[in-house]
Structures are given as C-alpha cells and as structure tokens.
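Peer 1: For reference, this is entry25.cif, and it has mmCIF, C-alpha atoms; chains and numbers go by the auth columns.
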```cif
data_data
#
loop_
_atom_site.group_PDB
_atom_site.id
_atom_site.type_symbol
_atom_site.label_atom_id
_atom_site.label_comp_id
_atom_site.label_asym_id
_atom_site.label_seq_id
_atom_site.Cartn_x
_atom_site.Cartn_y
_atom_site.Cartn_z
_atom_site.B_iso_or_equiv
_atom_site.auth_seq_id
_atom_site.auth_asym_id
ATOM 1 C CA MET A 1 0.608 -22.017 -7.367 0.00 1 A
ATOM 2 C CA ILE A 2 -0.308 -20.589 -3.965 0.00 2 A
ATOM 3 C CA TYR A 3 2.722 -19.751 -1.823 0.00 3 A
ATOM 4 C CA VAL A 4 2.724 -21.162 1.719 0.00 4 A
ATOM 5 C CA GLN A 5 4.622 -18.044 2.769 0.00 5 A
ATOM 6 C CA PRO A 6 4.433 -14.840 0.745 0.00 6 A
ATOM 7 C CA LYS A 7 7.291 -14.375 -1.689 0.00 7 A
ATOM 8 C CA ILE A 8 9.151 -11.215 -0.642 0.00 8 A
ATOM 9 C CA THR A 9 11.528 -9.293 -2.902 0.00 9 A
ATOM 10 C CA PHE A 10 13.132 -6.161 -1.434 0.00 10 A
ATOM 11 C CA ILE A 11 15.563 -4.050 -3.449 0.00 11 A
ATOM 12 C CA SER A 12 17.457 -1.154 -1.884 0.00 12 A
ATOM 13 C CA PRO A 13 20.866 0.557 -2.107 0.00 13 A
ATOM 14 C CA HIS A 14 21.341 -0.146 1.615 0.00 14 A
ATOM 15 C CA ALA A 15 22.541 -3.411 3.108 0.00 15 A
ATOM 16 C CA ALA A 16 19.944 -6.157 3.388 0.00 16 A
ATOM 17 C CA PRO A 17 17.700 -5.606 6.437 0.00 17 A
ATOM 18 C CA LYS A 18 17.581 -8.216 9.183 0.00 18 A
ATOM 19 C CA PRO A 19 14.425 -10.027 10.317 0.00 19 A
ATOM 20 C CA PHE A 20 13.009 -9.199 13.729 0.00 20 A
ATOM 21 C CA VAL A 21 9.761 -9.848 15.600 0.00 21 A
ATOM 22 C CA ALA A 22 7.408 -6.861 15.687 0.00 22 A
ATOM 23 C CA HIS A 23 4.087 -8.712 15.418 0.00 23 A
ATOM 24 C CA PRO A 24 3.237 -12.439 15.710 0.00 24 A
ATOM 25 C CA MET A 25 1.327 -12.472 12.395 0.00 25 A
ATOM 26 C CA LEU A 26 3.729 -10.344 10.337 0.00 26 A
ATOM 27 C CA GLN A 27 7.176 -10.864 8.841 0.00 27 A
ATOM 28 C CA CYS A 28 9.246 -7.778 9.672 0.00 28 A
ATOM 29 C CA PHE A 29 12.728 -6.631 8.672 0.00 29 A
ATOM 30 C CA LYS A 30 14.876 -3.776 9.986 0.00 30 A
ATOM 31 C CA GLN A 31 17.931 -1.891 8.763 0.00 31 A
ATOM 32 C CA GLU A 32 20.695 -2.203 11.353 0.00 32 A
ATOM 33 C CA GLN A 33 22.096 1.222 10.432 0.00 33 A
ATOM 34 C CA SER A 34 20.115 4.461 10.394 0.00 34 A
ATOM 35 C CA VAL A 35 18.754 5.496 7.002 0.00 35 A
ATOM 36 C CA PRO A 36 18.455 9.080 5.679 0.00 36 A
ATOM 37 C CA ARG A 37 15.440 11.004 6.924 0.00 37 A
ATOM 38 C CA ILE A 38 12.720 12.449 4.719 0.00 38 A
ATOM 39 C CA LEU A 39 13.517 16.176 4.844 0.00 39 A
ATOM 40 C CA GLN A 40 10.697 17.597 2.721 0.00 40 A
ATOM 41 C CA ASN A 41 7.344 18.541 4.232 0.00 41 A
ATOM 42 C CA ARG A 42 5.251 17.232 1.331 0.00 42 A
ATOM 43 C CA VAL A 43 4.962 13.811 -0.288 0.00 43 A
ATOM 44 C CA LYS A 44 3.246 12.763 -3.499 0.00 44 A
ATOM 45 C CA LEU A 45 1.983 9.276 -4.194 0.00 45 A
ATOM 46 C CA VAL A 46 -0.020 7.020 -6.487 0.00 46 A
ATOM 47 C CA VAL A 47 -2.326 4.228 -5.291 0.00 47 A
ATOM 48 C CA TRP A 48 -3.387 1.866 -8.070 0.00 48 A
ATOM 49 C CA ASN A 49 -4.644 -1.678 -8.653 0.00 49 A
ATOM 50 C CA LEU A 50 -2.858 -2.807 -11.834 0.00 50 A
ATOM 51 C CA HIS A 51 -5.254 -5.683 -12.674 0.00 51 A
ATOM 52 C CA LYS A 52 -2.248 -8.036 -12.867 0.00 52 A
ATOM 53 C CA GLY A 53 -0.900 -6.120 -15.868 0.00 53 A
ATOM 54 C CA GLU A 54 -3.533 -7.712 -18.115 0.00 54 A
ATOM 55 C CA ASP A 55 -4.589 -4.475 -19.832 0.00 55 A
ATOM 56 C CA ALA A 56 -2.672 -2.914 -22.706 0.00 56 A
ATOM 57 C CA GLY A 57 -0.604 0.168 -21.993 0.00 57 A
ATOM 58 C CA TRP A 58 -0.206 -0.287 -18.245 0.00 58 A
ATOM 59 C CA GLU A 59 3.573 0.186 -18.472 0.00 59 A
ATOM 60 C CA GLN A 60 3.302 3.599 -20.132 0.00 60 A
ATOM 61 C CA ALA A 61 0.428 4.647 -17.873 0.00 61 A
ATOM 62 C CA LEU A 62 2.309 3.678 -14.711 0.00 62 A
ATOM 63 C CA SER A 63 5.409 5.559 -15.844 0.00 63 A
ATOM 64 C CA HIS A 64 3.241 8.614 -16.541 0.00 64 A
ATOM 65 C CA TYR A 65 1.507 8.565 -13.147 0.00 65 A
ATOM 66 C CA ALA A 66 4.810 7.968 -11.353 0.00 66 A
ATOM 67 C CA LYS A 67 6.364 11.230 -12.571 0.00 67 A
ATOM 68 C CA ASN A 68 7.318 13.540 -9.689 0.00 68 A
ATOM 69 C CA LYS A 69 5.932 11.077 -7.130 0.00 69 A
ATOM 70 C CA ASP A 70 7.674 9.925 -3.959 0.00 70 A
ATOM 71 C CA PHE A 71 5.781 6.664 -3.416 0.00 71 A
ATOM 72 C CA ILE A 72 3.923 4.184 -5.627 0.00 72 A
ATOM 73 C CA LEU A 73 1.478 1.811 -3.881 0.00 73 A
ATOM 74 C CA LEU A 74 0.292 -0.968 -6.186 0.00 74 A
ATOM 75 C CA GLN A 75 -2.076 -3.911 -5.880 0.00 75 A
ATOM 76 C CA GLU A 76 -2.291 -6.900 -8.255 0.00 76 A
ATOM 77 C CA ALA A 77 1.291 -6.148 -9.260 0.00 77 A
ATOM 78 C CA SER A 78 4.591 -8.020 -9.401 0.00 78 A
ATOM 79 C CA HIS A 79 8.306 -7.492 -9.924 0.00 79 A
ATOM 80 C CA ILE A 80 7.698 -7.589 -13.695 0.00 80 A
ATOM 81 C CA ILE A 81 7.846 -3.820 -13.154 0.00 81 A
ATOM 82 C CA GLU A 82 11.618 -4.279 -12.829 0.00 82 A
ATOM 83 C CA THR A 83 12.005 -5.342 -16.448 0.00 83 A
ATOM 84 C CA GLN A 84 9.071 -3.708 -18.232 0.00 84 A
ATOM 85 C CA THR A 85 9.324 -0.127 -16.930 0.00 85 A
ATOM 86 C CA HIS A 86 12.017 2.452 -16.185 0.00 86 A
ATOM 87 C CA LEU A 87 10.753 2.984 -12.635 0.00 87 A
ATOM 88 C CA PRO A 88 13.622 1.171 -10.847 0.00 88 A
ATOM 89 C CA GLN A 89 16.018 3.983 -11.754 0.00 89 A
ATOM 90 C CA ASP A 90 13.722 6.585 -10.136 0.00 90 A
ATOM 91 C CA PHE A 91 12.659 4.615 -7.048 0.00 91 A
ATOM 92 C CA PRO A 92 15.720 3.056 -5.368 0.00 92 A
ATOM 93 C CA SER A 93 13.689 1.161 -2.731 0.00 93 A
ATOM 94 C CA ARG A 94 11.221 -1.410 -4.046 0.00 94 A
ATOM 95 C CA LEU A 95 9.253 -4.064 -2.182 0.00 95 A
ATOM 96 C CA TYR A 96 7.293 -6.765 -4.003 0.00 96 A
ATOM 97 C CA VAL A 97 5.193 -9.332 -2.154 0.00 97 A
ATOM 98 C CA SER A 98 3.384 -12.106 -4.038 0.00 98 A
ATOM 99 C CA SER A 99 0.927 -14.643 -2.663 0.00 99 A
ATOM 100 C CA PHE A 100 0.483 -16.795 -5.770 0.00 100 A
ATOM 101 C CA ALA A 101 1.539 -17.351 -9.360 0.00 101 A
ATOM 102 C CA TYR A 102 -0.619 -18.458 -12.292 0.00 102 A
ATOM 103 C CA ARG A 103 1.076 -19.750 -15.445 0.00 103 A
ATOM 104 C CA GLY A 104 4.326 -18.326 -14.151 0.00 104 A
ATOM 105 C CA LYS A 105 2.871 -14.864 -13.560 0.00 105 A
ATOM 106 C CA GLU A 106 2.965 -13.646 -9.962 0.00 106 A
ATOM 107 C CA SER A 107 0.542 -11.222 -8.342 0.00 107 A
ATOM 108 C CA GLY A 108 0.540 -9.356 -5.053 0.00 108 A
ATOM 109 C CA VAL A 109 1.281 -5.871 -3.797 0.00 109 A
ATOM 110 C CA ALA A 110 4.242 -3.582 -4.420 0.00 110 A
ATOM 111 C CA MET A 111 5.596 -0.361 -2.966 0.00 111 A
ATOM 112 C CA LEU A 112 8.162 1.789 -4.741 0.00 112 A
ATOM 113 C CA SER A 113 9.847 4.599 -2.825 0.00 113 A
ATOM 114 C CA ARG A 114 12.396 7.343 -3.403 0.00 114 A
ATOM 115 C CA TYR A 115 13.357 6.848 0.251 0.00 115 A
ATOM 116 C CA ILE A 116 14.840 3.929 2.158 0.00 116 A
ATOM 117 C CA PRO A 117 12.624 2.420 4.877 0.00 117 A
ATOM 118 C CA GLN A 118 14.058 1.756 8.323 0.00 118 A
ATOM 119 C CA ILE A 119 11.594 -1.112 8.763 0.00 119 A
ATOM 120 C CA TYR A 120 9.209 -3.038 6.539 0.00 120 A
ATOM 121 C CA CYS A 121 6.616 -5.688 7.385 0.00 121 A
ATOM 122 C CA VAL A 122 4.503 -8.113 5.359 0.00 122 A
ATOM 123 C CA GLY A 123 1.251 -9.900 6.204 0.00 123 A
ATOM 124 C CA THR A 124 -1.410 -11.987 4.459 0.00 124 A
ATOM 125 C CA GLY A 125 -5.117 -12.669 4.810 0.00 125 A
ATOM 126 C CA LYS A 126 -6.874 -15.783 3.492 0.00 126 A
ATOM 127 C CA GLU A 127 -9.678 -15.606 0.950 0.00 127 A
ATOM 128 C CA PRO A 128 -12.122 -18.157 2.444 0.00 128 A
ATOM 129 C CA TRP A 129 -13.631 -19.160 -0.909 0.00 129 A
ATOM 130 C CA ILE A 130 -10.823 -19.082 -3.455 0.00 130 A
ATOM 131 C CA ARG A 131 -8.048 -19.719 -0.842 0.00 131 A
ATOM 132 C CA ILE A 132 -5.640 -17.285 -2.524 0.00 132 A
ATOM 133 C CA PRO A 133 -4.183 -15.011 0.182 0.00 133 A
ATOM 134 C CA LYS A 134 -4.491 -11.259 -0.043 0.00 134 A
ATOM 135 C CA VAL A 135 -1.352 -9.339 0.900 0.00 135 A
ATOM 136 C CA GLY A 136 -0.471 -6.215 2.856 0.00 136 A
ATOM 137 C CA MET A 137 2.799 -4.423 3.531 0.00 137 A
ATOM 138 C CA ALA A 138 4.047 -1.595 5.719 0.00 138 A
ATOM 139 C CA MET A 139 7.130 0.626 5.615 0.00 139 A
ATOM 140 C CA LEU A 140 8.505 2.986 8.256 0.00 140 A
ATOM 141 C CA PHE A 141 10.432 6.094 7.182 0.00 141 A
ATOM 142 C CA PRO A 142 12.242 8.466 9.593 0.00 142 A
ATOM 143 C CA LEU A 143 11.299 12.158 9.320 0.00 143 A
ATOM 144 C CA GLN A 144 13.328 15.301 9.955 0.00 144 A
ATOM 145 C CA ASP A 145 11.516 16.140 13.219 0.00 145 A
ATOM 146 C CA GLY A 146 12.461 12.801 14.803 0.00 146 A
ATOM 147 C CA SER A 147 9.107 11.130 14.203 0.00 147 A
ATOM 148 C CA SER A 148 8.465 8.585 11.454 0.00 148 A
ATOM 149 C CA LEU A 149 5.981 7.995 8.650 0.00 149 A
ATOM 150 C CA LEU A 150 4.137 4.665 8.643 0.00 150 A
ATOM 151 C CA MET A 151 3.056 3.783 5.105 0.00 151 A
ATOM 152 C CA ILE A 152 0.683 0.841 4.587 0.00 152 A
ATOM 153 C CA ASN A 153 -0.339 -0.655 1.241 0.00 153 A
ATOM 154 C CA ILE A 154 -2.919 -3.421 1.341 0.00 154 A
ATOM 155 C CA HIS A 155 -5.233 -5.491 -0.846 0.00 155 A
ATOM 156 C CA LEU A 156 -8.010 -6.718 1.419 0.00 156 A
ATOM 157 C CA VAL A 157 -10.025 -9.939 1.352 0.00 157 A
ATOM 158 C CA ASN A 158 -12.824 -9.761 -1.219 0.00 158 A
ATOM 159 C CA PHE A 159 -14.782 -13.016 -1.564 0.00 159 A
ATOM 160 C CA GLU A 160 -16.473 -13.356 1.815 0.00 160 A
ATOM 161 C CA LEU A 161 -20.121 -12.824 2.745 0.00 161 A
ATOM 162 C CA ASN A 162 -19.428 -12.004 6.389 0.00 162 A
ATOM 163 C CA THR A 163 -16.442 -9.988 7.601 0.00 163 A
ATOM 164 C CA THR A 164 -14.438 -12.508 9.668 0.00 164 A
ATOM 165 C CA TYR A 165 -11.320 -12.787 7.484 0.00 165 A
ATOM 166 C CA TYR A 166 -11.687 -9.185 6.330 0.00 166 A
ATOM 167 C CA LYS A 167 -11.462 -7.961 9.917 0.00 167 A
ATOM 168 C CA GLN A 168 -8.537 -10.261 10.716 0.00 168 A
ATOM 169 C CA GLN A 169 -6.488 -8.874 7.848 0.00 169 A
ATOM 170 C CA ILE A 170 -7.251 -5.234 8.686 0.00 170 A
ATOM 171 C CA ASN A 171 -6.464 -5.781 12.359 0.00 171 A
ATOM 172 C CA GLN A 172 -2.973 -7.081 11.473 0.00 172 A
ATOM 173 C CA MET A 173 -2.007 -3.730 10.003 0.00 173 A
ATOM 174 C CA PHE A 174 -3.941 -1.610 12.466 0.00 174 A
ATOM 175 C CA ASP A 175 -1.919 -3.261 15.227 0.00 175 A
ATOM 176 C CA LEU A 176 1.053 -1.418 13.720 0.00 176 A
ATOM 177 C CA ILE A 177 -0.905 1.838 13.668 0.00 177 A
ATOM 178 C CA LYS A 178 -1.957 1.295 17.282 0.00 178 A
ATOM 179 C CA HIS A 179 1.683 1.342 18.416 0.00 179 A
ATOM 180 C CA HIS A 180 2.782 4.177 16.123 0.00 180 A
ATOM 181 C CA THR A 181 2.625 7.814 17.241 0.00 181 A
ATOM 182 C CA GLY A 182 3.660 9.588 14.029 0.00 182 A
ATOM 183 C CA PRO A 183 2.037 10.272 10.649 0.00 183 A
ATOM 184 C CA VAL A 184 0.256 7.437 8.834 0.00 184 A
ATOM 185 C CA ILE A 185 -0.777 6.790 5.237 0.00 185 A
ATOM 186 C CA PHE A 186 -3.030 3.722 4.911 0.00 186 A
ATOM 187 C CA GLY A 187 -4.243 2.917 1.407 0.00 187 A
ATOM 188 C CA GLY A 188 -4.960 0.337 -1.234 0.00 188 A
ATOM 189 C CA ASP A 189 -7.759 -1.766 -2.660 0.00 189 A
ATOM 190 C CA LEU A 190 -9.803 -2.141 0.519 0.00 190 A
ATOM 191 C CA ASN A 191 -12.784 -3.918 -1.077 0.00 191 A
ATOM 192 C CA ALA A 192 -15.166 -2.020 1.216 0.00 192 A
ATOM 193 C CA TRP A 193 -18.185 -2.827 -0.951 0.00 193 A
ATOM 194 C CA SER A 194 -20.650 -3.556 1.857 0.00 194 A
ATOM 195 C CA LYS A 195 -22.022 -1.373 4.619 0.00 195 A
ATOM 196 C CA ALA A 196 -20.548 -3.711 7.262 0.00 196 A
ATOM 197 C CA ARG A 197 -17.061 -3.566 5.736 0.00 197 A
ATOM 198 C CA TYR A 198 -17.062 0.192 5.327 0.00 198 A
ATOM 199 C CA GLN A 199 -18.416 0.766 8.827 0.00 199 A
ATOM 200 C CA PHE A 200 -15.749 -1.472 10.381 0.00 200 A
ATOM 201 C CA LEU A 201 -13.087 0.392 8.443 0.00 201 A
ATOM 202 C CA LYS A 202 -14.450 3.786 9.484 0.00 202 A
ATOM 203 C CA THR A 203 -14.705 2.750 13.137 0.00 203 A
ATOM 204 C CA LEU A 204 -11.068 1.636 13.239 0.00 204 A
ATOM 205 C CA ALA A 205 -9.935 4.776 11.426 0.00 205 A
ATOM 206 C CA GLN A 206 -11.756 7.013 13.895 0.00 206 A
ATOM 207 C CA LYS A 207 -10.361 5.053 16.842 0.00 207 A
ATOM 208 C CA TYR A 208 -6.795 5.839 15.722 0.00 208 A
ATOM 209 C CA GLN A 209 -7.498 9.382 14.427 0.00 209 A
ATOM 210 C CA LEU A 210 -7.209 8.571 10.719 0.00 210 A
ATOM 211 C CA GLN A 211 -9.118 10.739 8.249 0.00 211 A
ATOM 212 C CA GLU A 212 -10.600 9.398 5.021 0.00 212 A
ATOM 213 C CA VAL A 213 -9.306 11.187 1.912 0.00 213 A
ATOM 214 C CA HIS A 214 -11.989 12.398 -0.507 0.00 214 A
ATOM 215 C CA PHE A 215 -11.208 12.656 -4.219 0.00 215 A
ATOM 216 C CA ASN A 216 -12.233 15.264 -6.785 0.00 216 A
ATOM 217 C CA PRO A 217 -12.901 14.207 -9.445 0.00 217 A
ATOM 218 C CA ASP A 218 -13.761 10.766 -8.116 0.00 218 A
ATOM 219 C CA TYR A 219 -13.483 8.064 -10.781 0.00 219 A
ATOM 220 C CA ARG A 220 -12.738 5.214 -8.381 0.00 220 A
ATOM 221 C CA LEU A 221 -13.932 1.758 -9.402 0.00 221 A
ATOM 222 C CA ARG A 222 -17.193 0.898 -7.662 0.00 222 A
ATOM 223 C CA PHE A 223 -19.010 -2.311 -6.813 0.00 223 A
ATOM 224 C CA MET A 224 -22.588 -2.172 -5.561 0.00 224 A
ATOM 225 C CA ARG A 225 -22.208 1.625 -5.949 0.00 225 A
ATOM 226 C CA LYS A 226 -19.417 1.739 -3.354 0.00 226 A
ATOM 227 C CA PRO A 227 -15.747 2.591 -4.065 0.00 227 A
ATOM 228 C CA LEU A 228 -13.145 -0.136 -3.593 0.00 228 A
ATOM 229 C CA ASP A 229 -9.967 1.965 -3.329 0.00 229 A
ATOM 230 C CA PHE A 230 -9.310 4.200 -0.319 0.00 230 A
ATOM 231 C CA VAL A 231 -6.664 6.263 1.430 0.00 231 A
ATOM 232 C CA PHE A 232 -6.734 7.227 5.121 0.00 232 A
ATOM 233 C CA ILE A 233 -4.218 9.608 6.682 0.00 233 A
ATOM 234 C CA ARG A 234 -3.080 10.875 10.071 0.00 234 A
ATOM 235 C CA GLY A 235 -0.684 13.717 10.769 0.00 235 A
ATOM 236 C CA LEU A 236 -0.959 15.016 7.207 0.00 236 A
ATOM 237 C CA GLN A 237 -3.262 17.320 5.305 0.00 237 A
ATOM 238 C CA VAL A 238 -4.450 17.021 1.713 0.00 238 A
ATOM 239 C CA ILE A 239 -3.051 19.482 -0.815 0.00 239 A
ATOM 240 C CA SER A 240 -4.731 17.636 -3.674 0.00 240 A
ATOM 241 C CA ALA A 241 -6.429 14.263 -4.133 0.00 241 A
ATOM 242 C CA THR A 242 -7.615 13.321 -7.598 0.00 242 A
ATOM 243 C CA THR A 243 -8.282 10.281 -9.746 0.00 243 A
ATOM 244 C CA ASP A 244 -7.812 9.755 -13.461 0.00 244 A
ATOM 245 C CA LYS A 245 -9.662 7.654 -16.018 0.00 245 A
ATOM 246 C CA THR A 246 -7.606 4.983 -17.762 0.00 246 A
ATOM 247 C CA ASP A 247 -8.065 1.905 -19.940 0.00 247 A
ATOM 248 C CA SER A 248 -4.832 0.374 -18.611 0.00 248 A
ATOM 249 C CA SER A 249 -6.563 -1.348 -15.657 0.00 249 A
ATOM 250 C CA ASP A 250 -10.069 -2.054 -14.420 0.00 250 A
ATOM 251 C CA HIS A 251 -9.271 0.353 -11.540 0.00 251 A
ATOM 252 C CA ASN A 252 -8.484 4.049 -11.953 0.00 252 A
ATOM 253 C CA PRO A 253 -5.418 5.453 -10.136 0.00 253 A
ATOM 254 C CA LEU A 254 -5.549 7.647 -7.019 0.00 254 A
ATOM 255 C CA LEU A 255 -3.139 10.610 -7.135 0.00 255 A
ATOM 256 C CA LEU A 256 -2.293 12.449 -3.920 0.00 256 A
ATOM 257 C CA ASP A 257 -0.224 15.407 -2.752 0.00 257 A
ATOM 258 C CA LEU A 258 0.028 15.482 1.057 0.00 258 A
ATOM 259 C CA GLU A 259 1.699 17.804 3.558 0.00 259 A
ATOM 260 C CA PHE A 260 2.944 16.867 7.010 0.00 260 A
ATOM 261 C CA LEU A 261 1.272 18.674 9.899 0.00 261 A
ATOM 262 C CA PRO A 262 3.435 20.050 12.727 0.00 262 A
ATOM 263 C CA GLN A 263 3.830 17.404 15.429 0.00 263 A
ATOM 264 C CA GLU A 264 2.557 18.422 18.850 0.00 264 A
#
```
Show the structure stored in the file as structure tokens.

Peer 2:
Amino acid sequence: MIYVQPKITFISPHAAPKPFVAHPMLQCFKQEQSVPRILQNRVKLVVWNLHKGEDAGWEQALSHYAKNKDFILLQEASHIIETQTHLPQDFPSRLYVSSFAYRGKESGVAMLSRYIPQIYCVGTGKEPWIRIPKVGMAMLFPLQDGSSLLMINIHLVNFELNTTYYKQQINQMFDLIKHHTGPVIFGGDLNAWSKARYQFLKTLAQKYQLQEVHFNPDYRLRFMRKPLDFVFIRGLQVISATTDKTDSSDHNPLLLDLEFLPQE
C-alpha cells in the first residue's frame, strides 16, 4: 500500500506540536511553548539505512551503535523500533515517517533524539519508475547561544535515469537550509551514484556553505563505485567520522562526533 500522504508518527514528552505553513511542499509542525536548548557543544549521531529490518541482528546492532549518541538518523526504518528495541527509553523524541507498507510492514525514515525539536517538517519525492515515494524529514533544535541546529534526514530518489525528481526532492529540503542561518547537519541515503547526482549535490552544498564529511575508515555501501550514504555539515567541525562493517543491513552505519563552531 502506497500512502497518499506520508504517515507521520511523532512521540515526545512535550505537548503535541501544531501544524503551520513553512513551505508549500512540506508538512510542518511547531511546539507552541519553548523547548529546552541544547547546552552541550558536541553532538554524536548515527546515520544508517536499516534495509527495512530484513537482516538478522539489526535490533542488537542498532542498540549498540546508539550508545552515547544524541541523534539517530535512519532510512528504510519504521516504528517497529518502538517495540523491538529499548531505544525509546533513551531517546524521548522520536519521529517516524512512512511512505508505504508491504504485507503490513511499513518503511520510511526515522529520527530519534535526546532533545525535543521546536519544529519538524516532512516531505516526499516520487520514484518515477516504482512510484513509491522517498521520504525526508527535518528537525529544528534551539542552541544555548540563541541560534538553532537544523537536522535533516533524507532518503533520496533512486530509480531515475535523469535527475528531475532527484533534484526536486533535494530542493525541498535545501529550501529550509536557504532560510536557516545556524548550524546544519544534512545526511542520509542520498543515492548519489552518478556523476550528475553527486555534482548537483556538491553544487548545492557549496552554495549554502555545507562541507562534505569524509570517513575513516570508509566502509560505506557503494554502487557503480560511488558511496550512497553522505553527511554534510555547516557550523560544526568533525571530531571523528567513522563507519563500521555489519551484517545487520546491506548498508554500513556512519558514526559521527561533531562540535559546534563559535557563531560569528
């Protein structure tokens, strides 16, 4: 079953956020009351495509990689995490967005956070061949210096020979970056397996002062010798960026430790 509108599940200790219009192609929600700021100057995160939970041991692997992390950005995931892992007790804010379900099993993107977002937004991009939408999400977190962190987790269009739908989906989220002045973390399964896709991505990143994160060791899944999973940052510096080999998904997880730069 393909959902006409993405199925959104948001869980947080705060009151339910209210919908508001921030972008014509995105569904956005905002907390009416201020939420606590992120006070630390470093954040740790995992970015991982879970392969729909089809591989044995993903629950234990995810719990292992989530230790001491502040954010978990997942693709090909669903709210099955709520019942098959202990992560909900460590990450009070959880956003799950699904675009379809097959045999009762949903798939989409998910973001788990130790912090409460002030705003979150959801958008989709159509796969022109298989018609199953790819999904992206964004969260905005207030920081101690008065700025805010924009965190974007996205699974980009894959099955397309040209880049029409690919560009449309990226532009949705980069419209948020365009109007944001603070730090940014933009990551996920970006399916940048062609020169045209990667160049478009790099051009947009450079336009908005985002830096590509390089991983060592680099065990990212590749197609046509090009990595599929990426992270771009602005207003932060890399303390460490590694990957790990696993049999619990067809993708290997990206593990990052980032530090906020002083705001000018």

Peer 1: Residues within 7 Å of (15.6, -6.0, 9.1), file coordinates, counting all atoms listed in the file: what are they? Give the list as a PyMOL selection string.

Peer 2: chain A and resi 17-20+28-32+119

Peer 1: Evaluating the PyMOL selection byres ((chain A and resi 200-203) around 10) on the displayed file yields which residues, as a PyMOL selection string?

Peer 2: chain A and resi 163+166-167+170-171+190+192+195-199+204-212+232

Peer 1: Could you write out as a count of residues only the residues that the PyMOL selection byres ((chain A and resi 217-227) around 6) matches in the shown file?

Peer 2: 9

Peer 1: I'd like the residues picked by the PyMOL selection byres ((chain A and resi 88-101) around 7) written out as a ChimeraX atom specification, using the chain letters and numbers from the file.

Peer 2: /A:1-3,6-13,78-79,82,86-87,102-116,132-135

Peer 1: Which is closest to Asp247 (chain A) among A:Leu26, A:Ile38, A:Ala56, A:Val46, if we use all atoms listed in the file?

Peer 2: A:Ala56

Peer 1: Of the residues A:Asp257, A:Leu176, A:Thr164, A:Thr124, which is the one nearest to Asp70 (chain A), using all atoms listed in the file?

Peer 2: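 Looking at the shortest contact to Asp70 (chain A), the residue is A:Asp257.
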
Peer 1: Set the distance at 8 Å and use all atoms listed in the file: which residues neighbour Leu256 (chain A) once local chain neighbours fewer than 5 positions away are removed? I'd like the list as an MDAnalysis selection string.

Peer 2: chainID A and resid 44:46 238:242

Peer 1: Pick out the closest residue to Ser249 (chain A) from this set: A:Val43, A:Val213, A:Leu74, A:Ala22. Count only C-alpha atoms.

Peer 2: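 Under the stated criterion, the closest residue is A:Leu74.
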
Peer 1: Considering all atoms listed in the file, state which residue in the set A:Leu50, A:Ala61, A:Leu156, A:Val231 is at the smallest distance from Asp250 (chain A).

Peer 2: A:Leu50

Peer 1: Here is a test: counting only C-alpha atoms, which residue of A:Asn41, A:Asn162, A:Thr85, A:Gln237 is nearest to Leu62 (chain A)?

Peer 2: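 The shortest atom-to-atom distance to Leu62 (chain A) comes from A:Thr85.
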
Peer 1: One decimal, in Å: what's the spacing between CA of Leu254 (chain A) and CA of Trp48 (chain A)?

Peer 2: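 Atom-to-atom, CA of Leu254 (chain A) to CA of Trp48 (chain A), that is 6.3 Å.
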
Peer 1: Give me the residues near Gln60 (chain A) as a list in words, where near means some atom within 9 Å (using only C-alpha atoms) and where sequence neighbours in that chain fewer than 4 positions away do not count.

Peer 2: His64, Tyr65, Thr85 and Ser248 of chain A

Peer 1: So which one's closest to Ala138 (chain A), A:Ile233, A:Gln27, A:Asp189, A:His214? Using all atoms listed in the file, please.

Peer 2: A:Gln27

Peer 1: Can you report as lines of an AutoDock Vina configuration file the centre and edge lengths in Å, to one decimal, of an axis-aligned box around the listed atoms of region 253-261 of chain A padded with 8 Å on each side?

Peer 2:
```
center_x = -1.3
center_y = 12.1
center_z = -0.1
size_x = 24.5
size_y = 29.2
size_z = 36.0
```

Peer 1: How many Å lie between CA of Ile80 (chain A) and CA of Leu150 (chain A), rounded to one decimal?

Peer 2: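 So the answer is 25.7 Å.
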
Peer 1: Using Å and a single decimal, report how far CA of Pro117 (chain A) sits from CA of Leu73 (chain A).

Peer 2: 14.2 Å
